[in-house]
Structures are given as C-alpha cells and as structure tokens.
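Shown next: my_file17.pdb, given as PDB, C-alpha atoms, pLDDT in the B column.
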```
ATOM      1  CA  MET A  15       8.120  29.574   7.249  1.00 48.00           C
ATOM      2  CA  ARG A  16       6.196  31.138  10.134  1.00 77.00           C
ATOM      3  CA  ILE A  17       8.742  32.836  12.361  1.00 86.00           C
ATOM      4  CA  PRO A  18       7.753  33.531  15.986  1.00 92.00           C
ATOM      5  CA  VAL A  19       7.578  37.186  16.980  1.00 94.00           C
ATOM      6  CA  THR A  20       9.099  38.346  20.262  1.00 93.00           C
ATOM      7  CA  VAL A  21       7.456  41.348  21.926  1.00 93.00           C
ATOM      8  CA  HIS A  22       9.143  43.321  24.696  1.00 90.00           C
ATOM      9  CA  THR A  23       7.194  43.382  27.962  1.00 92.00           C
ATOM     10  CA  GLY A  24       7.847  43.827  31.631  1.00 86.00           C
ATOM     11  CA  PHE A  25       9.814  46.966  32.235  1.00 78.00           C
ATOM     12  CA  ALA A  26      10.298  50.352  30.729  1.00 72.00           C
ATOM     13  CA  THR A  27      13.384  52.423  30.271  1.00 73.00           C
ATOM     14  CA  SER A  28      13.606  55.921  31.663  1.00 76.00           C
ATOM     15  CA  VAL A  29      12.315  57.298  28.365  1.00 79.00           C
ATOM     16  CA  SER A  30       9.371  54.957  27.772  1.00 78.00           C
ATOM     17  CA  LEU A  31       5.995  54.498  29.377  1.00 84.00           C
ATOM     18  CA  MET A  32       5.320  51.387  31.455  1.00 85.00           C
ATOM     19  CA  ILE A  33       1.823  51.097  30.025  1.00 85.00           C
ATOM     20  CA  HIS A  34       3.391  50.013  26.722  1.00 84.00           C
ATOM     21  CA  ASP A  35       5.239  47.145  28.411  1.00 89.00           C
ATOM     22  CA  ARG A  36       2.180  45.425  29.845  1.00 92.00           C
ATOM     23  CA  PRO A  37       1.615  41.942  28.387  1.00 95.00           C
ATOM     24  CA  ASP A  38      -2.174  42.286  28.379  1.00 93.00           C
ATOM     25  CA  SER A  39      -1.837  44.504  25.316  1.00 92.00           C
ATOM     26  CA  LEU A  40      -1.031  41.285  23.402  1.00 96.00           C
ATOM     27  CA  ASP A  41      -4.435  39.707  24.085  1.00 97.00           C
ATOM     28  CA  ASP A  42      -6.024  41.387  21.065  1.00 96.00           C
ATOM     29  CA  VAL A  43      -3.082  40.466  18.822  1.00 96.00           C
ATOM     30  CA  ALA A  44      -3.252  36.808  19.892  1.00 97.00           C
ATOM     31  CA  ILE A  45      -6.974  36.706  19.078  1.00 97.00           C
ATOM     32  CA  ARG A  46      -6.666  38.462  15.707  1.00 97.00           C
ATOM     33  CA  PHE A  47      -3.659  36.395  14.577  1.00 95.00           C
ATOM     34  CA  PRO A  48      -4.140  32.875  16.001  1.00 95.00           C
ATOM     35  CA  ASP A  49      -1.418  31.389  13.777  1.00 93.00           C
ATOM     36  CA  LEU A  50       1.181  33.953  14.852  1.00 95.00           C
ATOM     37  CA  LYS A  51       3.467  32.605  17.551  1.00 96.00           C
ATOM     38  CA  ILE A  52       4.032  35.366  20.078  1.00 97.00           C
ATOM     39  CA  ILE A  53       6.866  35.187  22.587  1.00 97.00           C
ATOM     40  CA  VAL A  54       6.282  37.502  25.538  1.00 97.00           C
ATOM     41  CA  ALA A  55       9.810  38.721  26.247  1.00 95.00           C
ATOM     42  CA  HIS A  56      10.720  38.860  29.927  1.00 95.00           C
ATOM     43  CA  MET A  57       7.377  37.108  30.554  1.00 96.00           C
ATOM     44  CA  GLY A  58       5.947  40.385  31.756  1.00 94.00           C
ATOM     45  CA  LEU A  59       8.288  40.597  34.772  1.00 93.00           C
ATOM     46  CA  LEU A  60       6.137  42.746  37.084  1.00 89.00           C
ATOM     47  CA  TRP A  61       3.039  41.507  35.264  1.00 95.00           C
ATOM     48  CA  SER A  62       4.069  37.841  35.086  1.00 97.00           C
ATOM     49  CA  ASP A  63       0.651  36.634  36.284  1.00 97.00           C
ATOM     50  CA  THR A  64      -0.930  38.403  33.317  1.00 97.00           C
ATOM     51  CA  ALA A  65       1.619  36.896  30.940  1.00 98.00           C
ATOM     52  CA  LEU A  66       0.909  33.421  32.331  1.00 98.00           C
ATOM     53  CA  MET A  67      -2.819  33.918  31.859  1.00 98.00           C
ATOM     54  CA  LEU A  68      -2.208  34.953  28.229  1.00 98.00           C
ATOM     55  CA  MET A  69      -0.168  31.789  27.754  1.00 98.00           C
ATOM     56  CA  TRP A  70      -2.975  29.742  29.302  1.00 98.00           C
ATOM     57  CA  LYS A  71      -5.667  31.469  27.227  1.00 98.00           C
ATOM     58  CA  HIS A  72      -3.921  31.400  23.840  1.00 98.00           C
ATOM     59  CA  ARG A  73      -2.239  28.378  22.273  1.00 96.00           C
ATOM     60  CA  ASN A  74      -0.008  30.732  20.264  1.00 96.00           C
ATOM     61  CA  VAL A  75       1.477  32.704  23.202  1.00 97.00           C
ATOM     62  CA  PHE A  76       4.761  31.742  24.860  1.00 98.00           C
ATOM     63  CA  GLY A  77       7.007  33.501  27.367  1.00 98.00           C
ATOM     64  CA  ASP A  78      10.713  33.853  27.901  1.00 97.00           C
ATOM     65  CA  ILE A  79      12.404  34.503  31.212  1.00 96.00           C
ATOM     66  CA  SER A  80      15.200  36.680  29.928  1.00 93.00           C
ATOM     67  CA  ALA A  81      16.251  39.367  32.426  1.00 90.00           C
ATOM     68  CA  TRP A  82      14.817  37.342  35.314  1.00 92.00           C
ATOM     69  CA  GLY A  83      18.346  37.097  36.697  1.00 87.00           C
ATOM     70  CA  PHE A  84      17.791  40.299  38.648  1.00 84.00           C
ATOM     71  CA  MET A  85      14.397  39.250  40.031  1.00 90.00           C
ATOM     72  CA  PRO A  86      14.212  37.780  43.549  1.00 94.00           C
ATOM     73  CA  PHE A  87      14.778  34.027  43.402  1.00 96.00           C
ATOM     74  CA  ASP A  88      11.640  33.223  45.409  1.00 97.00           C
ATOM     75  CA  TYR A  89       9.521  35.260  42.950  1.00 97.00           C
ATOM     76  CA  LEU A  90      11.001  33.324  40.022  1.00 97.00           C
ATOM     77  CA  VAL A  91      10.339  29.990  41.729  1.00 98.00           C
ATOM     78  CA  ARG A  92       6.751  30.876  42.626  1.00 98.00           C
ATOM     79  CA  THR A  93       6.105  32.169  39.108  1.00 98.00           C
ATOM     80  CA  LEU A  94       7.318  28.936  37.528  1.00 98.00           C
ATOM     81  CA  CYS A  95       5.312  26.848  40.013  1.00 98.00           C
ATOM     82  CA  TYR A  96       2.240  28.902  39.090  1.00 98.00           C
ATOM     83  CA  ALA A  97       3.034  28.247  35.412  1.00 98.00           C
ATOM     84  CA  LYS A  98       3.080  24.529  36.166  1.00 98.00           C
ATOM     85  CA  HIS A  99      -0.238  24.846  38.013  1.00 98.00           C
ATOM     86  CA  LEU A 100      -1.747  26.510  34.930  1.00 98.00           C
ATOM     87  CA  GLY A 101      -0.270  23.850  32.644  1.00 98.00           C
ATOM     88  CA  VAL A 102       1.891  26.303  30.683  1.00 98.00           C
ATOM     89  CA  ILE A 103       5.354  25.391  31.973  1.00 98.00           C
ATOM     90  CA  GLY A 104       5.971  23.827  28.551  1.00 98.00           C
ATOM     91  CA  LYS A 105       5.539  27.263  26.960  1.00 98.00           C
ATOM     92  CA  ILE A 106       8.317  28.968  28.929  1.00 98.00           C
ATOM     93  CA  LEU A 107      11.661  29.571  27.259  1.00 98.00           C
ATOM     94  CA  TRP A 108      15.000  30.513  28.773  1.00 96.00           C
ATOM     95  CA  GLY A 109      16.458  33.638  27.287  1.00 89.00           C
ATOM     96  CA  THR A 110      19.192  36.079  28.110  1.00 82.00           C
ATOM     97  CA  ASP A 111      19.742  39.785  28.084  1.00 81.00           C
ATOM     98  CA  TYR A 112      23.465  39.325  27.941  1.00 79.00           C
ATOM     99  CA  PRO A 113      25.768  41.090  27.958  1.00 80.00           C
ATOM    100  CA  ALA A 114      23.450  43.687  29.541  1.00 77.00           C
ATOM    101  CA  LEU A 115      22.968  41.566  32.673  1.00 75.00           C
ATOM    102  CA  GLU A 116      26.591  40.441  32.880  1.00 75.00           C
ATOM    103  CA  PRO A 117      27.221  42.637  35.971  1.00 74.00           C
ATOM    104  CA  ILE A 118      24.509  40.660  37.813  1.00 77.00           C
ATOM    105  CA  ALA A 119      25.400  37.158  36.642  1.00 80.00           C
ATOM    106  CA  THR A 120      26.948  35.349  33.718  1.00 85.00           C
ATOM    107  CA  GLN A 121      24.839  33.107  31.514  1.00 89.00           C
ATOM    108  CA  ALA A 122      26.354  30.065  33.248  1.00 90.00           C
ATOM    109  CA  GLN A 123      25.455  31.491  36.677  1.00 90.00           C
ATOM    110  CA  ASP A 124      21.914  32.196  35.473  1.00 92.00           C
ATOM    111  CA  ILE A 125      21.537  28.600  34.299  1.00 94.00           C
ATOM    112  CA  GLN A 126      22.896  27.314  37.630  1.00 96.00           C
ATOM    113  CA  ARG A 127      20.375  29.517  39.442  1.00 95.00           C
ATOM    114  CA  ILE A 128      17.511  28.129  37.364  1.00 97.00           C
ATOM    115  CA  ARG A 129      18.655  24.552  37.992  1.00 98.00           C
ATOM    116  CA  ARG A 130      18.291  25.192  41.765  1.00 98.00           C
ATOM    117  CA  ILE A 131      14.551  25.840  41.396  1.00 98.00           C
ATOM    118  CA  PRO A 132      13.245  22.269  41.946  1.00 98.00           C
ATOM    119  CA  ALA A 133      15.147  21.791  45.224  1.00 98.00           C
ATOM    120  CA  TYR A 134      14.126  25.222  46.524  1.00 98.00           C
ATOM    121  CA  ALA A 135      10.446  24.704  45.628  1.00 97.00           C
ATOM    122  CA  ALA A 136      10.435  21.308  47.366  1.00 96.00           C
ATOM    123  CA  ARG A 137      12.228  22.653  50.449  1.00 97.00           C
ATOM    124  CA  MET A 138       9.823  25.601  50.736  1.00 97.00           C
ATOM    125  CA  GLY A 139       6.737  23.447  50.049  1.00 97.00           C
ATOM    126  CA  ILE A 140       5.749  25.441  46.961  1.00 97.00           C
ATOM    127  CA  GLU A 141       3.412  23.329  44.854  1.00 95.00           C
ATOM    128  CA  PRO A 142       3.211  22.090  42.276  1.00 97.00           C
ATOM    129  CA  THR A 143       6.945  21.577  42.414  1.00 92.00           C
ATOM    130  CA  VAL A 144       8.849  22.287  39.231  1.00 96.00           C
ATOM    131  CA  SER A 145      10.836  19.184  38.279  1.00 97.00           C
ATOM    132  CA  PRO A 146      14.354  18.897  36.855  1.00 98.00           C
ATOM    133  CA  SER A 147      12.766  17.801  33.561  1.00 98.00           C
ATOM    134  CA  ASP A 148      10.645  20.986  33.569  1.00 98.00           C
ATOM    135  CA  ILE A 149      13.851  22.982  34.003  1.00 98.00           C
ATOM    136  CA  GLN A 150      15.576  21.097  31.181  1.00 97.00           C
ATOM    137  CA  ALA A 151      12.616  21.893  28.948  1.00 98.00           C
ATOM    138  CA  ILE A 152      12.780  25.596  29.866  1.00 98.00           C
ATOM    139  CA  LEU A 153      16.512  25.645  29.129  1.00 97.00           C
ATOM    140  CA  GLY A 154      16.081  24.396  25.572  1.00 95.00           C
ATOM    141  CA  ASP A 155      13.514  21.743  24.758  1.00 96.00           C
ATOM    142  CA  ASN A 156      10.540  24.158  24.857  1.00 97.00           C
ATOM    143  CA  ALA A 157      12.261  26.520  22.428  1.00 95.00           C
ATOM    144  CA  LEU A 158      12.976  23.631  20.066  1.00 93.00           C
ATOM    145  CA  LYS A 159       9.277  22.772  19.997  1.00 90.00           C
ATOM    146  CA  VAL A 160       8.380  26.372  19.132  1.00 92.00           C
ATOM    147  CA  ILE A 161      10.973  26.510  16.361  1.00 87.00           C
ATOM    148  CA  GLU A 162      10.228  23.050  14.932  1.00 80.00           C
ATOM    149  CA  THR A 163       6.489  23.708  14.679  1.00 76.00           C
ATOM    150  CA  SER A 164       7.182  27.026  12.946  1.00 69.00           C
ATOM    151  CA  ALA A 165       8.849  25.458   9.924  1.00 61.00           C
TER     152      ALA A 165
END
```
When written as structure tokens, how does the structure in this file appear?
Amino acid sequence: MRIPVTVHTGFATSVSLMIHDRPDSLDDVAIRFPDLKIIVAHMGLLWSDTALMLMWKHRNVFGDISAWGFMPFDYLVRTLCYAKHLGVIGKILWGTDYPALEPIATQAQDIQRIRRIPAYAARMGIEPTVSPSDIQAILGDNALKVIETSA
C-alpha cells in the first residue's frame, strides 16, 4: 500500500524558521518521487499560490486547508477560486487542526464557513466561482480519491 505523506507548510512556530515551511521546498521531492503522494498541509497558507502551482505542476501533489479557519474569509475564497482556475480544485482536501483551533471555531463552524464560499464568490463576482459540488468534494470526496488510489 502506498500511503500519502503529509508535509507541514505555511507557518512556523516561535522556535522554527519560516524558510522550512515554504511549500516550494517540495518541488524537488515531487520530481524525485513521482509515485509518492504528497499532501501539502495547510496548503502553504501564506504561500498558497506556490502550493497551488505545485499541485498544478505535479500530479502527485495535493493540499489540505487545515488551519484555514483563522485566515480571512475573502482570502480563502479567492484561493479556492484560483485553484479552480488552475484546474486543481479536485486536489484540495479539508482538514482540521482541532482541537488547536477550537477557540476560533468548532469543526462544524469551519464546515459551515466553507459551505458559504460559493454564494460569497458569486456575490463578489470572483471567477471562476466555486460550486457547491466543488465544496462537497473538498469536504470529503477528494480525500476518498487520494486514499482509494493509494491502495
């Protein structure tokens, strides 16, 4: 069984260097190990554009949006619309950092927030608009595809 590997990216703690959390450091790994499924944890957060480009460039790179509950909603929406533009929305997985993020929102509140994305994108004219089916895929169907093709 080929188990996907999740790599922490996006933000550093007070005792680590941010340079080690940049998703572009995974480019070399994705090239050298094309059969290794790499999940970019937190989808790079501050470097989400880089993470999306890695996902576009490499068939074996995926991203999760764990810890995005504390990011500005508009940034999340625009990031997912950009993912759809690049054709990688099907490679994005919902994840949590709970209970660490529990003071910000519960898992149920985070899911409700994510489900509001299509209406917000349409109202703000952000294109391409993320659809409810895209959101459903992010909330579970995309992860199932990653797991099923790993067996």
Near Asp78 (chain A), within 6 Å and counting all atoms listed in the file, which residues show up once chain neighbours fewer than 2 positions away are dropped, as a PDB file with C-alpha atoms, in the frame of the given file?
```
ATOM      1  CA  ALA A  55       9.810  38.721  26.247  1.00 95.00           C
ATOM      2  CA  HIS A  56      10.720  38.860  29.927  1.00 95.00           C
ATOM      3  CA  MET A  57       7.377  37.108  30.554  1.00 96.00           C
ATOM      4  CA  SER A  80      15.200  36.680  29.928  1.00 93.00           C
ATOM      5  CA  ILE A 106       8.317  28.968  28.929  1.00 98.00           C
ATOM      6  CA  LEU A 107      11.661  29.571  27.259  1.00 98.00           C
ATOM      7  CA  TRP A 108      15.000  30.513  28.773  1.00 96.00           C
ATOM      8  CA  GLY A 109      16.458  33.638  27.287  1.00 89.00           C
TER       9      GLY A 109
END
```
Practice task
Might you spell out which residues the PyMOL selection byres ((chain A and resi 71) around 12) would select in the displayed file, as a list in words?
Solution key: Asp38, Leu40, Asp41, Asp42, Ala44, Ile45, Pro48, Thr64, Ala65, Leu66, Met67, Leu68, Met69, Trp70, His72, Arg73, Asn74, Val75, Phe76, Leu100, Gly101, Val102 and Lys105 of chain A
For the residues selected in the previous step, produce a file with C-alpha atoms as a PDB file, keeping the file's coordinate frame.
```pdb
ATOM      1  CA  ASP A  38      -2.174  42.286  28.379  1.00 93.00           C
ATOM      2  CA  LEU A  40      -1.031  41.285  23.402  1.00 96.00           C
ATOM      3  CA  ASP A  41      -4.435  39.707  24.085  1.00 97.00           C
ATOM      4  CA  ASP A  42      -6.024  41.387  21.065  1.00 96.00           C
ATOM      5  CA  ALA A  44      -3.252  36.808  19.892  1.00 97.00           C
ATOM      6  CA  ILE A  45      -6.974  36.706  19.078  1.00 97.00           C
ATOM      7  CA  PRO A  48      -4.140  32.875  16.001  1.00 95.00           C
ATOM      8  CA  THR A  64      -0.930  38.403  33.317  1.00 97.00           C
ATOM      9  CA  ALA A  65       1.619  36.896  30.940  1.00 98.00           C
ATOM     10  CA  LEU A  66       0.909  33.421  32.331  1.00 98.00           C
ATOM     11  CA  MET A  67      -2.819  33.918  31.859  1.00 98.00           C
ATOM     12  CA  LEU A  68      -2.208  34.953  28.229  1.00 98.00           C
ATOM     13  CA  MET A  69      -0.168  31.789  27.754  1.00 98.00           C
ATOM     14  CA  TRP A  70      -2.975  29.742  29.302  1.00 98.00           C
ATOM     15  CA  HIS A  72      -3.921  31.400  23.840  1.00 98.00           C
ATOM     16  CA  ARG A  73      -2.239  28.378  22.273  1.00 96.00           C
ATOM     17  CA  ASN A  74      -0.008  30.732  20.264  1.00 96.00           C
ATOM     18  CA  VAL A  75       1.477  32.704  23.202  1.00 97.00           C
ATOM     19  CA  PHE A  76       4.761  31.742  24.860  1.00 98.00           C
ATOM     20  CA  LEU A 100      -1.747  26.510  34.930  1.00 98.00           C
ATOM     21  CA  GLY A 101      -0.270  23.850  32.644  1.00 98.00           C
ATOM     22  CA  VAL A 102       1.891  26.303  30.683  1.00 98.00           C
ATOM     23  CA  LYS A 105       5.539  27.263  26.960  1.00 98.00           C
TER      24      LYS A 105
END
```
Problem - CA of Pro132 (chain A) to CA of Ser147 (chain A), distance in Å rounded to a single decimal - result: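 Atom-to-atom, CA of Pro132 (chain A) and CA of Ser147 (chain A) are spaced 9.5 Å apart.
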Take the PyMOL selection byres ((chain A and resi 136-143) around 12), run it mentally on this structure, and tell me the resulting residues as a PDB file with C-alpha atoms, keeping the file's coordinate frame.
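Wrote it out as expr.pdb, contents follow:
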```pdb
ATOM      1  CA  ASP A  88      11.640  33.223  45.409  1.00 97.00           C
ATOM      2  CA  TYR A  89       9.521  35.260  42.950  1.00 97.00           C
ATOM      3  CA  LEU A  90      11.001  33.324  40.022  1.00 97.00           C
ATOM      4  CA  VAL A  91      10.339  29.990  41.729  1.00 98.00           C
ATOM      5  CA  ARG A  92       6.751  30.876  42.626  1.00 98.00           C
ATOM      6  CA  THR A  93       6.105  32.169  39.108  1.00 98.00           C
ATOM      7  CA  LEU A  94       7.318  28.936  37.528  1.00 98.00           C
ATOM      8  CA  CYS A  95       5.312  26.848  40.013  1.00 98.00           C
ATOM      9  CA  TYR A  96       2.240  28.902  39.090  1.00 98.00           C
ATOM     10  CA  ALA A  97       3.034  28.247  35.412  1.00 98.00           C
ATOM     11  CA  LYS A  98       3.080  24.529  36.166  1.00 98.00           C
ATOM     12  CA  HIS A  99      -0.238  24.846  38.013  1.00 98.00           C
ATOM     13  CA  LEU A 100      -1.747  26.510  34.930  1.00 98.00           C
ATOM     14  CA  GLY A 101      -0.270  23.850  32.644  1.00 98.00           C
ATOM     15  CA  ILE A 103       5.354  25.391  31.973  1.00 98.00           C
ATOM     16  CA  ARG A 130      18.291  25.192  41.765  1.00 98.00           C
ATOM     17  CA  ILE A 131      14.551  25.840  41.396  1.00 98.00           C
ATOM     18  CA  PRO A 132      13.245  22.269  41.946  1.00 98.00           C
ATOM     19  CA  ALA A 133      15.147  21.791  45.224  1.00 98.00           C
ATOM     20  CA  TYR A 134      14.126  25.222  46.524  1.00 98.00           C
ATOM     21  CA  ALA A 135      10.446  24.704  45.628  1.00 97.00           C
ATOM     22  CA  VAL A 144       8.849  22.287  39.231  1.00 96.00           C
ATOM     23  CA  SER A 145      10.836  19.184  38.279  1.00 97.00           C
ATOM     24  CA  PRO A 146      14.354  18.897  36.855  1.00 98.00           C
ATOM     25  CA  SER A 147      12.766  17.801  33.561  1.00 98.00           C
ATOM     26  CA  ASP A 148      10.645  20.986  33.569  1.00 98.00           C
ATOM     27  CA  ILE A 149      13.851  22.982  34.003  1.00 98.00           C
TER      28      ILE A 149
END
```
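Comparing A:Ile52, A:Trp61, A:Pro117, A:Phe47 by their smallest distance to Phe84 (chain A), the closest is A:Pro117 (using all atoms listed in the file).
Using the PyMOL selection byres ((chain A and resi 21) around 7) on the file at hand returns these residues: Val19, Thr20, His22, Thr23, Ile53, Val54 and Ala55 of chain A.
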Export C-alpha atoms of the chosen residues as a compact mmCIF listing (two decimals), in the coordinates of the input?
```
# COMPACT_ATOMS: atom_id res chain seq x y z
CA VAL A 19 7.58 37.19 16.98
CA THR A 20 9.10 38.35 20.26
CA HIS A 22 9.14 43.32 24.70
CA THR A 23 7.19 43.38 27.96
CA ILE A 53 6.87 35.19 22.59
CA VAL A 54 6.28 37.50 25.54
CA ALA A 55 9.81 38.72 26.25
```
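Comparing the minimum interatomic distances between Gly104 (chain A) and each of A:Ile33, A:Leu50, A:Ile17, A:Ala151, counting only C-alpha atoms, we find that A:Ala151 sits nearest.
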Exercise for the section: For CA of Leu59 (chain A) and CA of Leu31 (chain A), quote the distance in Å rounded to one decimal. Expected result: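 For CA of Leu59 (chain A) relative to CA of Leu31 (chain A), the distance reads 15.1 Å.
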Fill in the blank from the handout: Separating CA of Ser62 (chain A) from CA of Trp82 (chain A), to the nearest tenth of an Å, is a gap of 10.8 Å
Handout entry: From A:Lys51, A:Arg46, A:Ser39, A:Met85, residue lying nearest Lys159 (chain A) [only C-alpha atoms]
Key =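 Ranked by minimum distance to Lys159 (chain A), first place goes to A:Lys51.
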